[in-house]
file final.txt (compact mmCIF, C-alpha atoms and all ligand atoms)
# COMPACT_ATOMS: atom_id res chain seq x y z
CA MET I 1 -34.39 -9.26 3.79
CA GLN I 2 -33.72 -8.23 0.23
CA SER I 3 -36.38 -6.23 -1.56
CA ASP I 4 -37.35 -4.64 -4.86
CA LYS I 5 -36.49 -1.20 -3.49
CA ILE I 6 -33.53 0.71 -4.90
CA ASN I 7 -30.41 -0.03 -2.88
CA LEU I 8 -28.53 3.15 -1.97
CA ILE I 9 -25.18 1.44 -1.50
CA GLY I 10 -22.86 2.13 -4.42
CA PHE I 11 -24.21 5.56 -5.42
CA ASN I 12 -21.49 8.18 -5.14
CA ARG I 13 -22.42 11.47 -3.47
CA GLU I 14 -23.40 13.29 -6.66
CA GLU I 15 -25.52 10.36 -7.82
CA LEU I 16 -27.16 10.16 -4.42
CA ILE I 17 -28.13 13.84 -4.52
CA GLU I 18 -29.45 13.46 -8.06
CA GLU I 19 -31.48 10.39 -7.14
CA LEU I 20 -33.09 11.94 -4.07
CA VAL I 21 -33.80 15.27 -5.74
CA ASN I 22 -35.28 13.62 -8.84
CA LYS I 23 -37.58 11.51 -6.71
CA ASN I 24 -38.58 14.59 -4.65
CA ILE I 25 -37.29 13.00 -1.47
CA ILE I 26 -35.22 16.12 -0.83
CA THR I 27 -35.24 19.59 -2.37
CA GLU I 28 -32.18 21.30 -3.85
CA LYS I 29 -31.83 23.19 -0.56
CA GLU I 30 -31.74 19.97 1.44
CA LYS I 31 -28.59 18.55 -0.12
CA TYR I 32 -27.00 18.56 3.34
CA ARG I 33 -29.24 15.59 4.11
CA VAL I 34 -27.10 13.50 1.77
CA LYS I 35 -24.05 14.26 3.89
CA GLN I 36 -25.94 12.96 6.91
CA LEU I 37 -27.22 9.94 5.05
CA TRP I 38 -23.70 9.19 3.88
CA HIS I 39 -22.49 9.33 7.47
CA TRP I 40 -25.18 6.88 8.62
CA ILE I 41 -24.55 4.42 5.80
CA TYR I 42 -20.77 4.49 5.55
CA PHE I 43 -19.48 5.79 8.86
CA GLN I 44 -21.99 4.33 11.31
CA GLY I 45 -22.84 1.27 9.21
CA ILE I 46 -26.58 1.58 9.80
CA SER I 47 -28.66 -0.70 7.59
CA ASN I 48 -32.09 0.46 8.70
CA PHE I 49 -33.48 3.97 8.08
CA SER I 50 -35.41 3.92 11.37
CA GLU I 51 -32.09 3.98 13.25
CA MET I 52 -31.03 7.24 11.60
CA THR I 53 -31.87 9.32 14.62
CA THR I 54 -30.97 12.70 13.17
CA PHE I 55 -33.85 12.30 10.70
CA SER I 56 -37.52 12.90 11.47
CA SER I 57 -39.68 9.80 11.32
CA GLU I 58 -41.44 11.35 8.36
CA PHE I 59 -38.16 11.53 6.43
CA GLN I 60 -37.15 8.04 7.57
CA ASN I 61 -40.45 6.69 6.23
CA LYS I 62 -40.02 8.48 2.93
CA LEU I 63 -36.60 6.92 2.49
CA SER I 64 -37.70 3.44 3.44
CA LYS I 65 -40.67 3.61 1.09
CA TYR I 66 -38.37 3.73 -1.96
CA TYR I 67 -34.97 2.59 -0.79
CA SER I 68 -33.02 -0.03 1.10
CA ILE I 69 -29.46 -0.40 2.43
CA ASP I 70 -29.62 -4.18 2.37
CA ARG I 71 -26.54 -6.34 2.29
CA PRO I 72 -26.33 -9.61 0.34
CA LEU I 73 -27.80 -12.62 2.13
CA ILE I 74 -25.45 -15.09 3.77
CA SER I 75 -25.95 -18.49 2.24
CA ASN I 76 -23.15 -20.13 4.19
CA HIS I 77 -20.51 -19.05 6.70
CA GLN I 78 -17.52 -21.15 7.68
CA VAL I 79 -14.69 -20.43 10.07
CA SER I 80 -11.38 -22.21 9.56
CA LYS I 81 -9.38 -23.60 12.46
CA ASP I 82 -6.88 -20.81 11.77
CA GLY I 83 -9.56 -18.13 12.22
CA THR I 84 -10.15 -17.40 8.51
CA HIS I 85 -13.81 -16.75 7.67
CA LYS I 86 -15.45 -17.63 4.38
CA TRP I 87 -18.92 -16.44 3.45
CA LEU I 88 -20.96 -17.64 0.52
CA LEU I 89 -23.19 -14.69 -0.40
CA LYS I 90 -26.42 -14.71 -2.31
CA LEU I 91 -27.02 -11.67 -4.51
CA SER I 92 -30.49 -10.30 -5.27
CA ASP I 93 -30.66 -12.35 -8.50
CA ASN I 94 -29.66 -15.49 -6.57
CA ASN I 95 -26.14 -15.59 -8.00
CA LEU I 96 -23.52 -16.64 -5.47
CA ILE I 97 -20.12 -15.12 -4.69
CA GLU I 98 -17.52 -15.76 -2.03
CA MET I 99 -15.81 -13.42 0.40
CA VAL I 100 -12.95 -14.25 2.78
CA PHE I 101 -11.58 -12.57 5.92
CA ILE I 102 -8.03 -13.38 7.00
CA PRO I 103 -7.13 -12.19 10.50
CA GLU I 104 -3.45 -11.73 11.31
CA ILE I 105 -1.72 -10.26 14.34
CA SER I 106 -1.00 -6.88 12.82
CA ARG I 107 -3.81 -6.64 10.27
CA GLY I 108 -7.04 -8.13 8.99
CA THR I 109 -7.55 -8.58 5.27
CA LEU I 110 -10.86 -8.81 3.50
CA CYS I 111 -10.70 -10.53 0.13
CA VAL I 112 -13.57 -9.41 -2.09
CA SER I 113 -14.97 -10.71 -5.36
CA SER I 114 -15.43 -8.50 -8.42
CA GLN I 115 -17.34 -10.86 -10.72
CA VAL I 116 -19.56 -13.91 -10.49
CA GLY I 117 -17.10 -16.45 -11.93
CA CYS I 118 -14.37 -15.37 -14.37
CA THR I 119 -13.96 -15.32 -18.15
CA LEU I 120 -10.29 -16.19 -17.92
CA ASN I 121 -9.19 -19.77 -17.56
CA CYS I 122 -5.99 -19.78 -15.56
CA LYS I 123 -5.24 -23.47 -15.37
CA PHE I 124 -4.46 -23.59 -11.66
CA CYS I 125 -7.46 -21.55 -10.47
CA PHE I 126 -10.73 -23.03 -9.28
CA THR I 127 -12.69 -19.88 -10.11
CA GLY I 128 -11.39 -20.26 -13.67
CA THR I 129 -13.35 -23.49 -14.02
CA GLN I 130 -16.56 -21.57 -13.36
CA ARG I 131 -18.20 -19.66 -16.16
CA LEU I 132 -18.54 -15.89 -15.94
CA VAL I 133 -22.09 -15.04 -15.07
CA ARG I 134 -21.77 -11.29 -14.76
CA ASN I 135 -19.87 -8.35 -13.35
CA LEU I 136 -20.74 -7.27 -9.83
CA THR I 137 -22.27 -3.83 -9.45
CA SER I 138 -20.42 -1.25 -7.35
CA GLU I 139 -23.15 -1.82 -4.73
CA GLU I 140 -22.30 -5.51 -4.60
CA VAL I 141 -18.57 -4.87 -4.30
CA ILE I 142 -18.99 -2.37 -1.43
CA SER I 143 -21.72 -4.29 0.34
CA GLN I 144 -19.27 -7.16 0.81
CA LEU I 145 -17.26 -4.85 3.06
CA LEU I 146 -20.36 -3.49 4.84
CA LEU I 147 -21.58 -7.02 5.52
CA ALA I 148 -18.17 -8.19 6.73
CA ARG I 149 -18.08 -5.26 9.15
CA ASP I 150 -21.57 -6.12 10.39
CA GLN I 151 -20.50 -9.71 10.87
CA LEU I 152 -17.26 -8.92 12.68
CA GLY I 153 -18.69 -6.07 14.78
CA ASP I 154 -16.28 -3.73 13.05
CA TRP I 155 -18.04 -0.38 12.85
CA PRO I 156 -16.31 2.70 14.29
CA THR I 157 -18.05 2.35 17.63
CA ASN I 158 -15.57 -0.46 18.05
CA LYS I 159 -12.13 0.75 19.10
CA TYR I 160 -9.96 -1.47 16.91
CA ARG I 161 -10.68 -2.09 13.30
CA LYS I 162 -10.63 -5.74 12.39
CA ILE I 163 -10.65 -5.12 8.66
CA SER I 164 -7.58 -3.00 7.94
CA ASN I 165 -6.90 -4.06 4.36
CA ILE I 166 -8.89 -5.00 1.29
CA VAL I 167 -7.66 -7.10 -1.60
CA PHE I 168 -9.46 -7.66 -4.89
CA MET I 169 -8.35 -11.27 -4.93
CA GLY I 170 -11.66 -13.08 -4.67
CA MET I 171 -13.57 -14.32 -7.66
CA GLY I 172 -13.15 -12.54 -10.98
CA GLU I 173 -10.84 -10.21 -12.87
CA PRO I 174 -11.41 -6.70 -11.44
CA LEU I 175 -9.98 -4.88 -14.46
CA TYR I 176 -12.73 -6.44 -16.58
CA ASN I 177 -15.18 -4.70 -14.23
CA TYR I 178 -13.29 -1.44 -14.28
CA GLU I 179 -15.91 1.23 -13.58
CA ASN I 180 -17.59 -0.61 -10.73
CA ALA I 181 -14.28 -1.51 -9.10
CA LYS I 182 -13.22 2.13 -9.39
CA THR I 183 -16.45 3.50 -7.89
CA ALA I 184 -16.19 0.98 -5.06
CA VAL I 185 -12.62 2.04 -4.25
CA GLU I 186 -13.62 5.73 -4.29
CA ILE I 187 -16.49 5.15 -1.87
CA ILE I 188 -14.47 2.88 0.41
CA GLY I 189 -11.73 5.52 0.60
CA ASP I 190 -14.11 8.44 1.20
CA LYS I 191 -12.90 10.58 4.10
CA GLU I 192 -16.36 11.01 5.61
CA GLY I 193 -17.41 7.41 5.27
CA ILE I 194 -15.58 4.13 5.60
CA GLN I 195 -12.25 5.97 5.48
CA LEU I 196 -10.17 2.99 4.50
CA SER I 197 -7.11 4.50 2.90
CA THR I 198 -6.49 3.47 -0.70
CA LYS I 199 -2.96 2.53 0.30
CA ARG I 200 -4.58 -0.37 2.14
CA ILE I 201 -6.44 -1.57 -0.94
CA THR I 202 -4.73 -3.91 -3.42
CA LEU I 203 -6.00 -4.60 -6.89
CA SER I 204 -4.85 -7.92 -8.29
CA THR I 205 -4.94 -8.53 -12.02
CA SER I 206 -3.99 -11.35 -14.31
CA GLY I 207 -2.52 -8.71 -16.65
CA ILE I 208 -5.11 -6.76 -18.63
CA VAL I 209 -2.42 -4.47 -20.01
CA PRO I 210 -4.41 -1.46 -21.36
CA LYS I 211 -6.45 -1.27 -18.17
CA ILE I 212 -3.42 -1.44 -15.87
CA LEU I 213 -2.13 1.95 -16.99
CA GLU I 214 -5.61 3.45 -16.90
CA TRP I 215 -6.07 2.21 -13.33
CA GLY I 216 -2.70 3.60 -12.34
CA LYS I 217 -3.71 7.04 -13.59
CA ASP I 218 -7.28 6.96 -12.26
CA VAL I 219 -7.09 5.18 -8.94
CA ASP I 220 -4.31 5.17 -6.40
CA THR I 221 -4.27 1.64 -4.94
CA ARG I 222 -1.55 -0.91 -4.55
CA LEU I 223 -1.10 -3.16 -7.53
CA ALA I 224 -0.52 -6.90 -7.65
CA ILE I 225 0.21 -8.70 -10.90
CA SER I 226 -0.52 -12.41 -11.17
CA LEU I 227 2.67 -13.19 -13.04
CA HIS I 228 3.24 -16.89 -12.28
CA ALA I 229 5.77 -17.50 -15.04
CA PRO I 230 9.23 -16.28 -16.14
CA ASN I 231 8.59 -16.60 -19.87
CA ASP I 232 5.80 -16.58 -22.46
CA LYS I 233 6.01 -20.31 -23.08
CA ILE I 234 5.01 -21.19 -19.52
CA ARG I 235 2.67 -18.23 -19.09
CA ASP I 236 0.75 -18.93 -22.30
CA GLU I 237 0.03 -22.35 -20.88
CA ILE I 238 -1.06 -21.49 -17.34
CA VAL I 239 -2.37 -17.91 -17.73
CA PRO I 240 -3.96 -17.95 -21.21
CA ILE I 241 -4.64 -14.16 -21.27
CA ASN I 242 -0.88 -13.98 -21.88
CA LYS I 243 -1.51 -14.87 -25.51
CA LYS I 244 -3.40 -11.59 -25.85
CA TYR I 245 -1.12 -9.50 -23.64
CA PRO I 246 2.33 -11.14 -23.69
CA LEU I 247 5.01 -10.57 -21.08
CA LYS I 248 6.83 -7.86 -23.02
CA GLU I 249 3.70 -5.68 -22.93
CA LEU I 250 2.85 -6.62 -19.35
CA ILE I 251 6.32 -5.79 -18.06
CA GLN I 252 6.30 -2.52 -20.00
CA ALA I 253 2.97 -1.63 -18.33
CA CYS I 254 4.54 -2.35 -14.94
CA GLN I 255 7.47 -0.15 -15.84
CA ASP I 256 5.15 2.66 -16.93
CA TYR I 257 2.79 2.29 -13.95
CA PRO I 258 2.72 5.64 -12.12
CA ARG I 259 4.90 5.44 -9.03
CA THR I 260 2.60 7.16 -6.59
CA ARG I 261 2.62 7.12 -2.83
CA ASN I 262 0.71 3.84 -2.81
CA SER I 263 2.34 1.95 -5.58
CA LYS I 264 6.03 2.48 -5.12
CA ARG I 265 6.46 -1.25 -5.33
CA ILE I 266 4.46 -3.67 -7.42
CA THR I 267 3.71 -7.10 -5.99
CA PHE I 268 4.22 -9.98 -8.37
CA GLU I 269 2.25 -13.06 -7.43
CA TYR I 270 3.83 -16.35 -8.33
CA VAL I 271 2.01 -19.61 -7.68
CA MET I 272 4.42 -22.50 -7.11
CA LEU I 273 3.54 -25.41 -9.38
CA LYS I 274 5.68 -28.52 -9.12
CA GLY I 275 7.69 -29.17 -12.27
CA VAL I 276 5.95 -26.36 -14.15
CA ASN I 277 7.42 -23.00 -13.10
CA ASP I 278 9.56 -23.80 -10.06
CA LYS I 279 12.99 -24.60 -11.48
CA ILE I 280 16.10 -22.74 -10.35
CA SER I 281 16.52 -21.55 -13.95
CA ASP I 282 12.94 -20.17 -13.79
CA ALA I 283 13.89 -18.10 -10.74
CA ARG I 284 16.92 -16.70 -12.56
CA GLN I 285 14.87 -15.89 -15.65
CA LEU I 286 12.26 -14.22 -13.45
CA ILE I 287 14.90 -11.93 -11.97
CA LYS I 288 15.96 -10.84 -15.47
CA LEU I 289 12.33 -10.35 -16.48
CA ILE I 290 11.46 -7.96 -13.66
CA HIS I 291 14.85 -6.26 -13.58
CA GLY I 292 14.53 -2.53 -12.86
CA ILE I 293 10.98 -2.67 -11.52
CA PRO I 294 10.67 -1.84 -7.82
CA ALA I 295 8.84 -4.95 -6.73
CA LYS I 296 8.38 -7.79 -4.33
CA VAL I 297 7.48 -11.32 -5.31
CA ASN I 298 4.86 -13.20 -3.31
CA LEU I 299 5.42 -16.91 -3.66
CA ILE I 300 2.07 -18.66 -3.26
CA PRO I 301 2.12 -22.38 -2.52
CA PHE I 302 -0.40 -23.89 -4.95
CA ASN I 303 -3.70 -24.60 -3.23
CA PRO I 304 -5.27 -27.73 -4.63
CA TRP I 305 -8.95 -28.14 -5.48
CA PRO I 306 -10.97 -31.17 -6.59
CA ASN I 307 -9.35 -32.71 -9.70
CA SER I 308 -6.86 -29.85 -10.08
CA PRO I 309 -4.21 -30.67 -12.69
CA TYR I 310 -1.19 -29.51 -10.65
CA GLU I 311 0.70 -30.24 -7.47
CA CYS I 312 2.31 -27.75 -5.16
CA SER I 313 6.10 -27.48 -5.39
CA ASP I 314 8.06 -29.10 -2.59
CA ARG I 315 8.70 -26.87 0.40
CA SER I 316 12.47 -27.13 -0.09
CA GLN I 317 12.15 -26.05 -3.74
CA ILE I 318 10.00 -23.04 -2.80
CA LYS I 319 12.63 -22.09 -0.23
CA LYS I 320 15.45 -22.35 -2.81
CA PHE I 321 13.40 -20.28 -5.27
CA SER I 322 12.80 -17.65 -2.61
CA ASP I 323 16.50 -17.54 -1.64
CA ILE I 324 17.56 -16.86 -5.22
CA LEU I 325 15.11 -13.96 -5.50
CA ASN I 326 16.18 -12.64 -2.09
CA ASN I 327 19.84 -12.76 -3.07
CA ALA I 328 19.00 -10.69 -6.13
CA GLY I 329 17.47 -8.05 -3.86
CA TYR I 330 13.80 -8.95 -4.21
CA SER I 331 11.83 -9.53 -1.06
CA SER I 332 10.06 -12.82 -1.77
CA PRO I 333 7.96 -14.00 1.15
CA ILE I 334 6.34 -17.42 0.92
CA ARG I 335 2.67 -16.82 1.51
CA LYS I 336 1.25 -18.65 4.48
CA THR I 337 -1.70 -20.67 3.31
CA ARG I 338 -4.84 -19.73 5.22
CA GLY I 339 -8.28 -21.28 5.42
CA GLN I 340 -7.38 -24.33 3.38
CA ASP I 341 -9.63 -26.62 5.45
CA ILE I 342 -12.66 -24.61 4.33
CA MET I 343 -11.45 -24.09 0.72
CA ALA I 344 -10.96 -20.36 1.37
CA ALA I 345 -7.35 -20.14 0.21
CA CYS I 346 -6.22 -18.32 -2.95
CA GLY I 347 -7.72 -19.85 -6.05
CA GLN I 348 -10.06 -22.18 -4.19
CA LEU I 349 -13.14 -20.01 -4.54
CA LYS I 350 -15.98 -21.21 -6.64
CA SER I 351 -19.70 -20.79 -6.20
CA ASP I 352 -21.08 -22.79 -9.06
CA SER I 353 -20.23 -26.13 -10.54
CA VAL I 354 -20.69 -25.74 -14.27
CA LYS I 355 -18.24 -24.27 -16.73
CA THR I 356 -19.85 -23.10 -19.90
CA LYS I 357 -18.09 -24.50 -22.92
CA ARG I 358 -16.15 -21.96 -24.95
CA SER I 359 -18.54 -22.41 -27.86
CA GLU I 360 -21.45 -21.46 -25.61
CA LEU I 361 -19.60 -18.43 -24.28
CA LYS I 362 -19.00 -17.16 -27.79
CA SER I 363 -22.68 -17.31 -28.62
CA ARG I 364 -23.59 -15.05 -25.70
N1 LIG D 401 -8.34 -12.44 -11.13
C1 LIG D 401 -7.40 -11.72 -10.39
C2 LIG D 401 -7.69 -11.67 -8.90
C3 LIG D 401 -8.17 -12.95 -8.23
S1 LIG D 401 -7.10 -14.34 -8.04
C4 LIG D 401 -6.02 -12.28 -10.62
O1 LIG D 401 -5.89 -13.32 -11.23
O2 LIG D 401 -5.07 -11.61 -10.22
C5 LIG D 401 -6.06 -14.01 -6.65
C6 LIG D 401 -4.66 -14.70 -6.73
O3 LIG D 401 -4.74 -16.12 -6.43
C7 LIG D 401 -4.07 -14.61 -8.11
O4 LIG D 401 -2.71 -14.29 -8.04
C8 LIG D 401 -4.26 -16.00 -8.62
O5 LIG D 401 -3.42 -16.26 -9.68
C9 LIG D 401 -3.98 -16.84 -7.40
N2 LIG D 401 -4.46 -18.21 -7.50
C10 LIG D 401 -5.45 -18.69 -8.28
N3 LIG D 401 -5.58 -20.03 -8.09
C11 LIG D 401 -4.68 -20.40 -7.17
C12 LIG D 401 -4.38 -21.66 -6.53
N4 LIG D 401 -5.05 -22.76 -6.81
N5 LIG D 401 -3.39 -21.68 -5.63
C13 LIG D 401 -2.73 -20.53 -5.30
N6 LIG D 401 -2.99 -19.32 -5.84
C14 LIG D 401 -3.95 -19.25 -6.78
FE1 LIG D 402 -9.77 -15.46 -13.20
FE2 LIG D 402 -7.80 -14.61 -11.57
FE3 LIG D 402 -8.68 -17.16 -11.47
FE4 LIG D 402 -7.26 -16.32 -13.57
S1 LIG D 402 -6.55 -16.46 -11.43
S2 LIG D 402 -9.14 -17.55 -13.65
S3 LIG D 402 -7.99 -14.21 -13.78
S4 LIG D 402 -9.86 -15.33 -10.96

call {"tool": "encode", "arguments": {"input": "final.txt", "output": "structure tokens"}}
result
Amino acid sequence: MQSDKINLIGFNREELIEELVNKNIITEKEKYRVKQLWHWIYFQGISNFSEMTTFSSEFQNKLSKYYSIDRPLISNHQVSKDGTHKWLLKLSDNNLIEMVFIPEISRGTLCVSSQVGCTLNCKFCFTGTQRLVRNLTSEEVISQLLLARDQLGDWPTNKYRKISNIVFMGMGEPLYNYENAKTAVEIIGDKEGIQLSTKRITLSTSGIVPKILEWGKDVDTRLAISLHAPNDKIRDEIVPINKKYPLKELIQACQDYPRTRNSKRITFEYVMLKGVNDKISDARQLIKLIHGIPAKVNLIPFNPWPNSPYECSDRSQIKKFSDILNNAGYSSPIRKTRGQDIMAACGQLKSDSVKTKRSELKSR
């Protein structure tokens, strides 16, 4: 049940102390309670104050009078024949977002959303046909993970963690929701809470150049760049943000990105669109473009959606493209498409059916 109470998910430790002290729930001397509360919320995954057994019932009641630890409501849950899960989640203001879990033999990846919809209009992306409604709060970003763990029985009492990796590859452009994405990563990585190492978190961006460098300095996650084209002509067409931040600037940002423990190699994502960006000459131009950047290139077979304007490149062409990159020393795996039968694959996420016209967006 969602309520009008303040949700404690998404507060960092300092904010949590401030909130509880200001509301006279704890005194200055009782700050240690926040450490315990943190443990219950983020280590044990408890979503009900009455189960916090180290607290007196008086304190439990005080907390539940003002606060909740509610997760978003599940509006729909589908499981693909390949084991991929897709949840449609209803936020407290009734907006809808999607979240996907992809189990593999050696890891399990949770794909989270950062916005309701997206302001960018990448031509091949279903989310791009949906208008941006709003940024998610840090609470809403983190509670996707908490809910997924509830759903999969994945709290530490369980011996093996099902969710080992997180990717910001759901709906939205995370670097346009910078602060909330950053807070979420900090809380997810906290050593006394969820403890998911930031080296297992990947931020994917369509190329918001000034924010890429800021992120690299502020937050130590892996970085994926949705490149998709070897030159400005093609990129302007399929990733329109390229007109604002052209390839020269984007590649420079990748070159300048701090090479920390977690981001030694950048991942370039490249969606394979038949007759658009999949020529042999495109592969060669791509190699020149990313020359000198420690990187791998993920080739993503285009996932179609209703009335999408593109087709996926032929398998043999993708293979040739991959071989050329490999021969030039770039690892270039062809991404296995997962959850396509439930529209959970990359770029197939969409929770709403209307795209606001540009003119309407401008008047907001
Ligand atoms: N907005 C961010 C993160 C979400 S998209 C970004 O663009 O990076 C996650 C990845 O899926 C991106 O690389 C995106 O370009 C890709 N993608 C979008 N639509 C796709 C489609 N129909 N088929 C395959 N990949 C797609
Ligand atoms: Fe937005 Fe990413 Fe889709 Fe482009 S690919 S429209 S940036 S979600």

call {"tool": "residues_around", "arguments": {"input": "final.txt", "residues": "range 75-85 of chain I", "least_positions_apart": "5", "cutoff": "9 Å", "atoms": "only C-alpha atoms", "output": "VMD selection string"}}
result
chain I and resid 90 96 99 to 104 338 to 342 344

call {"tool": "atom_distance", "arguments": {"input": "final.txt", "atom1": "CA of Asp314 in chain I", "atom2": "CA of Ala295 in chain I"}}
result
24.5 Å

call {"tool": "atom_distance", "arguments": {"input": "final.txt", "atom1": "CA of Phe126 in chain I", "atom2": "CA of Gln348 in chain I"}}
result
5.2 Å

call {"tool": "closest_residue", "arguments": {"input": "final.txt", "among": "I:Tyr67, I:Trp155, I:Phe168, I:Phe11", "to": "ligand LIG 402 (chain D)", "atoms": "all atoms listed in the file"}}
result
I:Phe168

call {"tool": "residues_near_ligand", "arguments": {"input": "final.txt", "ligand": "ligand LIG 402 (chain D)", "cutoff": "10 Å", "atoms": "only C-alpha atoms and all ligand atoms", "output": "PyMOL selection string"}}
result
chain I and resi 113-132+168-176+204-208+225-228+238-241+271+346-350

call {"tool": "atom_distance", "arguments": {"input": "final.txt", "atom1": "CA of Lys211 in chain I", "atom2": "atom O3 of ligand LIG 401 (chain D)"}}
result
19.0 Å

call {"tool": "closest_residue", "arguments": {"input": "final.txt", "among": "I:Ile166, I:Leu8, I:Val276, I:Leu299", "to": "ligand LIG 401 (chain D)", "atoms": "all atoms listed in the file"}}
result
I:Leu299

call {"tool": "residues_near_point", "arguments": {"input": "final.txt", "point": "(-22.2, -2.5, -10.8)", "cutoff": "12 Å", "atoms": "all atoms listed in the file", "output": "PyMOL selection string"}}
result
chain I and resi 7+9-11+114-116+134-143+174+176-184
